[in-house]
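Listing of work-v3.cif, mmCIF, C-alpha atoms
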```
data_target
#
loop_
_atom_site.group_PDB
_atom_site.id
_atom_site.type_symbol
_atom_site.label_atom_id
_atom_site.label_comp_id
_atom_site.auth_asym_id
_atom_site.auth_seq_id
_atom_site.Cartn_x
_atom_site.Cartn_y
_atom_site.Cartn_z
ATOM 1 C CA MET A 1 112.257 -71.679 -51.477
ATOM 2 C CA ALA A 2 109.500 -72.374 -53.962
ATOM 3 C CA MET A 3 110.067 -73.966 -57.385
ATOM 4 C CA THR A 4 108.270 -71.097 -59.133
ATOM 5 C CA GLY A 5 108.607 -68.508 -56.378
ATOM 6 C CA THR A 6 110.270 -65.819 -58.482
ATOM 7 C CA ASP A 7 107.594 -66.093 -61.177
ATOM 8 C CA ALA A 8 104.876 -65.648 -58.538
ATOM 9 C CA TYR A 9 105.766 -61.938 -58.346
ATOM 10 C CA ARG A 10 104.908 -61.142 -61.971
ATOM 11 C CA ALA A 11 101.424 -59.834 -61.172
ATOM 12 C CA VAL A 12 102.137 -58.553 -57.634
ATOM 13 C CA GLY A 13 102.331 -54.825 -57.048
ATOM 14 C CA GLY A 14 103.020 -52.677 -54.029
ATOM 15 C CA LEU A 15 106.120 -54.589 -52.950
ATOM 16 C CA PRO A 16 108.570 -53.085 -50.460
ATOM 17 C CA ASP A 17 111.472 -51.541 -52.375
ATOM 18 C CA GLY A 18 114.016 -54.094 -51.152
ATOM 19 C CA VAL A 19 111.772 -56.983 -52.150
ATOM 20 C CA ALA A 20 111.271 -55.545 -55.628
ATOM 21 C CA ARG A 21 115.046 -55.173 -56.065
ATOM 22 C CA ALA A 22 115.691 -58.723 -54.877
ATOM 23 C CA VAL A 23 113.024 -60.146 -57.187
ATOM 24 C CA THR A 24 114.610 -58.277 -60.104
ATOM 25 C CA ALA A 25 118.040 -59.687 -59.206
ATOM 26 C CA ALA A 26 116.639 -63.231 -58.968
ATOM 27 C CA ARG A 27 114.863 -62.854 -62.295
ATOM 28 C CA ARG A 28 117.981 -61.525 -64.060
ATOM 29 C CA ALA A 29 119.989 -64.458 -62.708
ATOM 30 C CA GLY A 30 117.380 -66.976 -63.838
ATOM 31 C CA PHE A 31 116.882 -68.075 -60.227
ATOM 32 C CA PRO A 32 113.351 -69.499 -59.858
ATOM 33 C CA TYR A 33 113.404 -70.496 -56.172
ATOM 34 C CA SER A 34 112.567 -67.260 -54.319
ATOM 35 C CA CYS A 35 110.074 -67.367 -51.477
ATOM 36 C CA ARG A 36 106.536 -66.720 -52.661
ATOM 37 C CA PRO A 37 104.686 -63.472 -51.858
ATOM 38 C CA GLU A 38 102.373 -65.245 -49.394
ATOM 39 C CA GLN A 39 105.372 -66.503 -47.454
ATOM 40 C CA GLY A 40 107.099 -63.142 -47.697
ATOM 41 C CA ARG A 41 104.167 -61.303 -46.155
ATOM 42 C CA LEU A 42 104.178 -63.787 -43.269
ATOM 43 C CA LEU A 43 107.911 -63.194 -42.749
ATOM 44 C CA GLN A 44 107.422 -59.432 -42.781
ATOM 45 C CA VAL A 45 104.799 -59.643 -40.031
ATOM 46 C CA LEU A 46 106.809 -62.066 -37.896
ATOM 47 C CA ALA A 47 109.958 -59.946 -38.245
ATOM 48 C CA GLY A 48 108.127 -57.111 -36.514
ATOM 49 C CA GLY A 49 108.119 -59.161 -33.301
ATOM 50 C CA ALA A 50 111.889 -59.711 -33.205
ATOM 51 C CA ARG A 51 113.760 -57.819 -30.499
ATOM 52 C CA LEU A 52 117.440 -58.449 -31.232
ATOM 53 C CA ARG A 53 118.241 -60.901 -34.019
ATOM 54 C CA ILE A 54 116.735 -62.719 -36.997
ATOM 55 C CA GLY A 55 118.411 -65.661 -38.737
ATOM 56 C CA GLU A 56 117.760 -67.202 -42.139
ATOM 57 C CA SER A 57 119.194 -70.152 -44.035
ATOM 58 C CA GLY A 58 119.074 -70.088 -47.822
ATOM 59 C CA THR A 59 119.415 -66.429 -48.825
ATOM 60 C CA GLY A 60 119.166 -67.108 -52.557
ATOM 61 C CA TYR A 61 119.060 -63.645 -54.129
ATOM 62 C CA GLY A 62 117.611 -62.094 -50.990
ATOM 63 C CA VAL A 63 113.851 -62.045 -51.589
ATOM 64 C CA GLY A 64 112.891 -63.593 -48.255
ATOM 65 C CA LEU A 65 115.595 -61.582 -46.505
ATOM 66 C CA ALA A 66 114.170 -58.390 -48.017
ATOM 67 C CA TRP A 67 110.732 -59.237 -46.614
ATOM 68 C CA LEU A 68 112.334 -59.799 -43.207
ATOM 69 C CA ALA A 69 114.252 -56.524 -43.408
ATOM 70 C CA ALA A 70 111.057 -54.686 -44.395
ATOM 71 C CA GLY A 71 109.361 -55.864 -41.220
ATOM 72 C CA ALA A 72 112.241 -55.705 -38.734
ATOM 73 C CA ALA A 73 112.704 -52.786 -36.349
ATOM 74 C CA PRO A 74 115.694 -50.471 -36.868
ATOM 75 C CA GLY A 75 117.865 -52.067 -34.163
ATOM 76 C CA VAL A 76 117.299 -55.688 -35.117
ATOM 77 C CA GLU A 77 120.216 -57.603 -36.646
ATOM 78 C CA LEU A 78 119.568 -59.921 -39.595
ATOM 79 C CA VAL A 79 121.968 -62.784 -40.388
ATOM 80 C CA SER A 80 121.401 -64.860 -43.516
ATOM 81 C CA VAL A 81 123.531 -67.704 -44.849
ATOM 82 C CA GLU A 82 123.794 -68.873 -48.450
ATOM 83 C CA ARG A 83 126.054 -71.744 -49.444
ATOM 84 C CA ASP A 84 126.493 -70.592 -53.054
ATOM 85 C CA PRO A 85 129.200 -67.869 -52.977
ATOM 86 C CA ALA A 86 127.968 -66.070 -56.090
ATOM 87 C CA ARG A 87 124.417 -65.820 -54.785
ATOM 88 C CA ALA A 88 125.684 -64.751 -51.358
ATOM 89 C CA ALA A 89 127.760 -61.970 -52.944
ATOM 90 C CA ALA A 90 124.838 -60.770 -55.068
ATOM 91 C CA ALA A 91 122.503 -60.700 -52.071
ATOM 92 C CA ALA A 92 125.085 -58.959 -49.893
ATOM 93 C CA ALA A 93 125.412 -56.247 -52.544
ATOM 94 C CA LEU A 94 121.654 -55.637 -52.431
ATOM 95 C CA PHE A 95 121.831 -54.969 -48.685
ATOM 96 C CA ALA A 96 125.120 -53.040 -48.682
ATOM 97 C CA ASP A 97 123.359 -49.884 -47.463
ATOM 98 C CA ASP A 98 121.507 -51.613 -44.603
ATOM 99 C CA PRO A 99 123.823 -51.967 -41.592
ATOM 100 C CA ARG A 100 121.410 -54.383 -39.906
ATOM 101 C CA VAL A 101 121.933 -57.085 -42.548
ATOM 102 C CA ARG A 102 124.794 -59.572 -42.940
ATOM 103 C CA VAL A 103 124.852 -62.186 -45.705
ATOM 104 C CA LEU A 104 127.386 -64.960 -45.176
ATOM 105 C CA ALA A 105 128.635 -67.462 -47.757
ATOM 106 C CA ALA A 106 128.196 -70.597 -45.642
ATOM 107 C CA ASP A 107 125.870 -73.510 -45.007
ATOM 108 C CA TRP A 108 123.099 -73.392 -42.429
ATOM 109 C CA THR A 109 125.270 -74.604 -39.561
ATOM 110 C CA GLU A 110 127.054 -71.220 -39.546
ATOM 111 C CA LEU A 111 123.901 -69.839 -37.918
ATOM 112 C CA HIS A 112 125.046 -71.425 -34.646
ATOM 113 C CA ALA A 113 127.854 -68.882 -34.373
ATOM 114 C CA HIS A 114 125.524 -65.874 -34.475
ATOM 115 C CA GLY A 115 122.456 -66.849 -32.412
ATOM 116 C CA PRO A 116 120.315 -67.139 -30.488
ATOM 117 C CA TYR A 117 117.509 -65.761 -32.646
ATOM 118 C CA ASP A 118 114.141 -64.214 -31.913
ATOM 119 C CA LEU A 119 113.049 -65.394 -35.375
ATOM 120 C CA LEU A 120 114.696 -68.158 -37.396
ATOM 121 C CA VAL A 121 113.651 -68.954 -40.973
ATOM 122 C CA LEU A 122 114.919 -72.269 -42.330
ATOM 123 C CA ASP A 123 114.786 -72.344 -46.113
ATOM 124 C CA GLY A 124 118.254 -73.517 -47.103
ATOM 125 C CA GLY A 125 119.196 -76.273 -44.689
ATOM 126 C CA GLY A 126 118.230 -77.301 -41.196
ATOM 127 C CA GLN A 127 114.593 -78.018 -42.101
ATOM 128 C CA GLY A 128 114.882 -81.782 -41.697
ATOM 129 C CA LYS A 129 113.847 -82.331 -45.323
ATOM 130 C CA GLY A 130 116.292 -84.986 -46.446
ATOM 131 C CA GLY A 131 119.017 -83.717 -44.130
ATOM 132 C CA GLY A 132 119.746 -82.590 -40.603
ATOM 133 C CA ALA A 133 117.241 -80.659 -38.556
ATOM 134 C CA ALA A 134 118.263 -77.578 -36.612
ATOM 135 C CA ASP A 135 118.050 -77.700 -32.822
ATOM 136 C CA PRO A 136 115.577 -74.997 -31.744
ATOM 137 C CA GLU A 137 116.806 -75.110 -28.145
ATOM 138 C CA ARG A 138 120.265 -74.148 -29.343
ATOM 139 C CA LEU A 139 119.280 -71.601 -31.994
ATOM 140 C CA LEU A 140 116.166 -69.890 -30.607
ATOM 141 C CA ALA A 141 115.873 -67.576 -27.645
ATOM 142 C CA PRO A 142 113.069 -68.626 -25.256
ATOM 143 C CA GLY A 143 109.848 -67.482 -26.897
ATOM 144 C CA GLY A 144 111.621 -67.280 -30.260
ATOM 145 C CA VAL A 145 109.780 -68.170 -33.459
ATOM 146 C CA LEU A 146 110.819 -70.778 -36.036
ATOM 147 C CA VAL A 147 109.495 -70.829 -39.618
ATOM 148 C CA VAL A 148 109.908 -73.714 -42.069
ATOM 149 C CA ASP A 149 108.186 -73.150 -45.406
ATOM 150 C CA ASP A 150 107.258 -74.923 -48.632
ATOM 151 C CA PHE A 151 104.883 -77.569 -47.380
ATOM 152 C CA THR A 152 101.595 -78.492 -49.030
ATOM 153 C CA PRO A 153 98.514 -78.016 -46.853
ATOM 154 C CA ALA A 154 97.572 -81.304 -45.183
ATOM 155 C CA ASP A 155 94.011 -82.611 -45.344
ATOM 156 C CA GLY A 156 94.384 -85.424 -42.822
ATOM 157 C CA TRP A 157 96.517 -86.925 -40.092
ATOM 158 C CA PRO A 158 99.299 -87.761 -40.309
ATOM 159 C CA PRO A 159 100.337 -85.271 -43.002
ATOM 160 C CA LEU A 160 101.626 -87.107 -46.063
ATOM 161 C CA PHE A 161 104.387 -86.541 -48.601
ATOM 162 C CA ASP A 162 104.428 -88.823 -51.659
ATOM 163 C CA GLY A 163 101.891 -91.069 -49.932
ATOM 164 C CA GLN A 164 104.027 -91.566 -46.814
ATOM 165 C CA PRO A 165 103.985 -89.775 -43.449
ATOM 166 C CA ASP A 166 105.763 -86.431 -43.853
ATOM 167 C CA GLU A 167 108.564 -86.977 -41.364
ATOM 168 C CA ALA A 168 110.053 -83.501 -41.765
ATOM 169 C CA ARG A 169 106.752 -81.841 -40.922
ATOM 170 C CA LEU A 170 106.028 -84.296 -38.122
ATOM 171 C CA HIS A 171 109.440 -83.570 -36.603
ATOM 172 C CA TRP A 172 108.436 -79.954 -36.001
ATOM 173 C CA LEU A 173 104.810 -80.626 -35.109
ATOM 174 C CA ARG A 174 105.845 -83.083 -32.406
ATOM 175 C CA HIS A 175 108.985 -81.336 -31.138
ATOM 176 C CA PRO A 176 108.795 -81.166 -27.324
ATOM 177 C CA ALA A 177 110.519 -77.766 -27.113
ATOM 178 C CA LEU A 178 108.046 -76.101 -29.502
ATOM 179 C CA ARG A 179 104.418 -75.089 -29.764
ATOM 180 C CA THR A 180 103.778 -75.573 -33.462
ATOM 181 C CA VAL A 181 101.083 -74.905 -36.051
ATOM 182 C CA ASP A 182 100.917 -75.843 -39.727
ATOM 183 C CA LEU A 183 99.682 -72.597 -41.248
ATOM 184 C CA PRO A 184 98.030 -72.660 -44.705
ATOM 185 C CA LEU A 185 99.068 -69.663 -46.813
ATOM 186 C CA ALA A 186 97.532 -70.650 -50.157
ATOM 187 C CA ALA A 187 95.725 -73.623 -51.664
ATOM 188 C CA ASP A 188 99.101 -75.201 -52.452
ATOM 189 C CA LEU A 189 101.337 -73.733 -49.737
ATOM 190 C CA SER A 190 101.705 -73.970 -45.983
ATOM 191 C CA SER A 191 104.387 -73.121 -43.449
ATOM 192 C CA ILE A 192 105.357 -74.532 -40.093
ATOM 193 C CA VAL A 193 105.373 -71.759 -37.489
ATOM 194 C CA ALA A 194 106.614 -72.707 -34.033
ATOM 195 C CA VAL A 195 107.381 -70.888 -30.782
ATOM 196 C CA ARG A 196 110.069 -72.157 -28.447
ATOM 197 C CA ARG A 197 108.568 -72.909 -25.053
ATOM 198 C CA HIS A 198 109.963 -70.964 -22.118
ATOM 199 C CA GLY A 199 112.126 -73.334 -20.119
ATOM 200 C CA GLY A 200 112.156 -75.745 -23.088
#
```
Output the file's structure as structure tokens, nothing else.
Amino acid sequence: MAMTGTDAYRAVGGLPDGVARAVTAARRAGFPYSCRPEQGRLLQVLAGGARLRIGESGTGYGVGLAWLAAGAAPGVELVSVERDPARAAAAAALFADDPRVRVLAADWTELHAHGPYDLLVLDGGGQGKGGGAADPERLLAPGGVLVVDDFTPADGWPPLFDGQPDEARLHWLRHPALRTVDLPLAADLSSIVAVRRHGG
């Protein structure tokens, strides 16, 4: 989720059809918080490595989910949860013709019932930003990939947020079950990308 994510698509062409439809739906609803194109392209690439199942928290109007669906192989299941019922219904309607995709009106903890995941994108709960952090050992298959977005690139150690150590980012960077990188995507945007260790 980015504060001006939906607006970031105004000058972007060549979008996958599903992404373009989701951006249009978000724009019509006045929803500004879609994932940015830089993040979406990362999700599309990572989705190509999933074997069985992809999970996402925070569907919104389905922009990030559309990027994931654009990259996922035909047999890969996608499960996305959105706690706002109206947004969940709108996103589900966008994917009604894609049997791989399920959008559930629920908070992020519902993901536990459908895992484990080869790729898990935390954008609407579970990130550890002012709330609980998801347990990657419970939600990820061994070797599975976790993505947490909407950080600002760090220029020192420890990474800071509002002048204080960024505890949410540090949680993932230091997690013993993960191999983690903080990946800059733009001058003002970075994502945590982590792989669950085998046996961890």
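Interatomic distance, CA of Ser190 (chain A) against CA of Cys35 (chain A): 12.0 Å.
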Completion exercise
From the list A:Gly60, A:Asp107, A:Gly124, A:Asp98, the nearest residue to Val76 (chain A) using all atoms listed in the file is A:Asp98
Practice task
Would you kindly translate the PyMOL selection byres ((chain A and resi 193-197) around 8) into the concrete residues it picks from this file, as a ChimeraX atom specification?
Solution key: /A:136-137,140-148,172,177-183,191-192,198-200
Problem - Counting only C-alpha atoms, the residue of A:Ala133, A:Leu78, A:Ala92, A:Ala186 that sits nearest Ala25 (chain A) - result: A:Ala92
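For the residues A:Glu56, A:Glu77, A:Asp155, A:Asp84, ranking by smallest atom-to-atom distance to Trp108 (chain A) using all atoms listed in the file places A:Glu56 first.
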Practice task
Evaluate the PyMOL selection byres ((chain A and resi 90) around 10) and record the selected residues as a PyMOL selection string, following the chain and residue labels used in the document.
Solution key: chain A and resi 22+25-26+29+60-62+85-89+91-95+103
Write the residues of the preceding selection, restricted to C-alpha atoms, as a PDB file, in the coordinates of the input.
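Output file result_0.pdb follows:
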```
ATOM      1  CA  ALA A  22     115.691 -58.723 -54.877  1.00  0.00           C
ATOM      2  CA  ALA A  25     118.040 -59.687 -59.206  1.00  0.00           C
ATOM      3  CA  ALA A  26     116.639 -63.231 -58.968  1.00  0.00           C
ATOM      4  CA  ALA A  29     119.989 -64.458 -62.708  1.00  0.00           C
ATOM      5  CA  GLY A  60     119.166 -67.108 -52.557  1.00  0.00           C
ATOM      6  CA  TYR A  61     119.060 -63.645 -54.129  1.00  0.00           C
ATOM      7  CA  GLY A  62     117.611 -62.094 -50.990  1.00  0.00           C
ATOM      8  CA  PRO A  85     129.200 -67.869 -52.977  1.00  0.00           C
ATOM      9  CA  ALA A  86     127.968 -66.070 -56.090  1.00  0.00           C
ATOM     10  CA  ARG A  87     124.417 -65.820 -54.785  1.00  0.00           C
ATOM     11  CA  ALA A  88     125.684 -64.751 -51.358  1.00  0.00           C
ATOM     12  CA  ALA A  89     127.760 -61.970 -52.944  1.00  0.00           C
ATOM     13  CA  ALA A  91     122.503 -60.700 -52.071  1.00  0.00           C
ATOM     14  CA  ALA A  92     125.085 -58.959 -49.893  1.00  0.00           C
ATOM     15  CA  ALA A  93     125.412 -56.247 -52.544  1.00  0.00           C
ATOM     16  CA  LEU A  94     121.654 -55.637 -52.431  1.00  0.00           C
ATOM     17  CA  PHE A  95     121.831 -54.969 -48.685  1.00  0.00           C
ATOM     18  CA  VAL A 103     124.852 -62.186 -45.705  1.00  0.00           C
TER      19      VAL A 103
END
```
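Rounded to one decimal, CA of Pro99 (chain A) and CA of His112 (chain A) lie 20.7 Å from each other.
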Problem - Gap from CA of Leu52 (chain A) to CA of Asp118 (chain A) - Å, one decimal - result: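 Computing the Euclidean distance for CA of Leu52 (chain A) and CA of Asp118 (chain A) yields 6.7 Å.
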Draw an axis-aligned box tight on the listed atoms of region 55-63 of chain A, then pad every side by 3 Å and write out centre and edge lengths in Å to one decimal as lines of an AutoDock Vina configuration file.
```
center_x = 116.6
center_y = -66.1
center_z = -46.4
size_x = 11.6
size_y = 14.1
size_z = 21.4
```
Practice task
Take the PyMOL selection byres ((chain A and resi 151) around 12), apply it to the structure above, and return the hits as a ChimeraX atom specification.
Solution key: /A:1-3,39,123,127,129,147-150,152-154,159-161,166-170,182-193
Practice task
Would you list the contacts of Ser57 (chain A) as a ChimeraX atom specification, taking every protein, DNA or RNA residue within 9 Å and counting all atoms listed in the file, but skipping same-chain residues closer than 4 positions in sequence?
Solution key: /A:79-83,107-109,111,120-126
Handout entry: Ref. answer, residues at most 10 Å from (111.4, -62.4, -43.5) with all atoms listed in the file, as an NGL selection string
Key = :A and (35 or 39-48 or 54-56 or 62-72 or 78 or 119-121 or 147)
Could you save those same residues with C-alpha atoms as a compact mmCIF listing (two decimals), in the coordinates of the input?
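Everything below was put into result.txt:
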```
# COMPACT_ATOMS: atom_id res chain seq x y z
CA CYS A 35 110.07 -67.37 -51.48
CA GLN A 39 105.37 -66.50 -47.45
CA GLY A 40 107.10 -63.14 -47.70
CA ARG A 41 104.17 -61.30 -46.16
CA LEU A 42 104.18 -63.79 -43.27
CA LEU A 43 107.91 -63.19 -42.75
CA GLN A 44 107.42 -59.43 -42.78
CA VAL A 45 104.80 -59.64 -40.03
CA LEU A 46 106.81 -62.07 -37.90
CA ALA A 47 109.96 -59.95 -38.24
CA GLY A 48 108.13 -57.11 -36.51
CA ILE A 54 116.74 -62.72 -37.00
CA GLY A 55 118.41 -65.66 -38.74
CA GLU A 56 117.76 -67.20 -42.14
CA GLY A 62 117.61 -62.09 -50.99
CA VAL A 63 113.85 -62.04 -51.59
CA GLY A 64 112.89 -63.59 -48.26
CA LEU A 65 115.60 -61.58 -46.50
CA ALA A 66 114.17 -58.39 -48.02
CA TRP A 67 110.73 -59.24 -46.61
CA LEU A 68 112.33 -59.80 -43.21
CA ALA A 69 114.25 -56.52 -43.41
CA ALA A 70 111.06 -54.69 -44.40
CA GLY A 71 109.36 -55.86 -41.22
CA ALA A 72 112.24 -55.70 -38.73
CA LEU A 78 119.57 -59.92 -39.60
CA LEU A 119 113.05 -65.39 -35.38
CA LEU A 120 114.70 -68.16 -37.40
CA VAL A 121 113.65 -68.95 -40.97
CA VAL A 147 109.50 -70.83 -39.62
```
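Candidate residues A:Pro158, A:Gly128, A:Pro74, A:Pro116 were compared for distance to Arg100 (chain A), and the nearest is A:Pro74, using all atoms listed in the file.
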Completion exercise
Gly115 (chain A) proximity check over A:Leu139, A:Ala11, A:Val23, A:Ala50, using all atoms listed in the file: winner is A:Leu139
Would you mind writing region 62-82 of chain A with N, CA and C atoms, as a compact mmCIF listing (two decimals), in the frame of the given file?
```txt
# COMPACT_ATOMS: atom_id res chain seq x y z
N GLY A 62 117.99 -63.04 -52.03
CA GLY A 62 117.61 -62.09 -50.99
C GLY A 62 116.15 -61.71 -50.93
N VAL A 63 115.26 -62.43 -51.60
CA VAL A 63 113.85 -62.04 -51.59
C VAL A 63 113.26 -62.22 -50.19
N GLY A 64 113.41 -63.39 -49.61
CA GLY A 64 112.89 -63.59 -48.26
C GLY A 64 113.55 -62.67 -47.25
N LEU A 65 114.86 -62.48 -47.39
CA LEU A 65 115.60 -61.58 -46.50
C LEU A 65 115.07 -60.15 -46.62
N ALA A 66 114.72 -59.74 -47.83
CA ALA A 66 114.17 -58.39 -48.02
C ALA A 66 112.82 -58.24 -47.32
N TRP A 67 111.99 -59.28 -47.37
CA TRP A 67 110.73 -59.24 -46.61
C TRP A 67 111.01 -59.12 -45.12
N LEU A 68 111.98 -59.88 -44.62
CA LEU A 68 112.33 -59.80 -43.21
C LEU A 68 112.84 -58.41 -42.85
N ALA A 69 113.72 -57.85 -43.68
CA ALA A 69 114.25 -56.52 -43.41
C ALA A 69 113.16 -55.46 -43.44
N ALA A 70 112.16 -55.65 -44.31
CA ALA A 70 111.06 -54.69 -44.40
C ALA A 70 110.22 -54.67 -43.13
N GLY A 71 110.17 -55.80 -42.42
CA GLY A 71 109.36 -55.86 -41.22
C GLY A 71 110.12 -55.63 -39.93
N ALA A 72 111.44 -55.77 -39.95
CA ALA A 72 112.24 -55.70 -38.73
C ALA A 72 112.43 -54.26 -38.26
N ALA A 73 112.48 -54.09 -36.95
CA ALA A 73 112.70 -52.79 -36.35
C ALA A 73 114.13 -52.31 -36.64
N PRO A 74 114.38 -51.01 -36.51
CA PRO A 74 115.69 -50.47 -36.87
C PRO A 74 116.88 -51.11 -36.14
N GLY A 75 116.73 -51.52 -34.90
CA GLY A 75 117.86 -52.07 -34.16
C GLY A 75 118.05 -53.56 -34.24
N VAL A 76 117.25 -54.23 -35.04
CA VAL A 76 117.30 -55.69 -35.12
C VAL A 76 118.32 -56.13 -36.15
N GLU A 77 119.19 -57.06 -35.75
CA GLU A 77 120.22 -57.60 -36.65
C GLU A 77 119.63 -58.76 -37.46
N LEU A 78 119.99 -58.83 -38.73
CA LEU A 78 119.57 -59.92 -39.60
C LEU A 78 120.80 -60.64 -40.13
N VAL A 79 120.85 -61.96 -39.93
CA VAL A 79 121.97 -62.78 -40.39
C VAL A 79 121.40 -63.85 -41.32
N SER A 80 121.88 -63.88 -42.55
CA SER A 80 121.40 -64.86 -43.52
C SER A 80 122.59 -65.59 -44.12
N VAL A 81 122.45 -66.90 -44.28
CA VAL A 81 123.53 -67.70 -44.85
C VAL A 81 123.09 -68.32 -46.17
N GLU A 82 124.02 -68.33 -47.11
CA GLU A 82 123.79 -68.87 -48.45
C GLU A 82 125.03 -69.65 -48.85
```
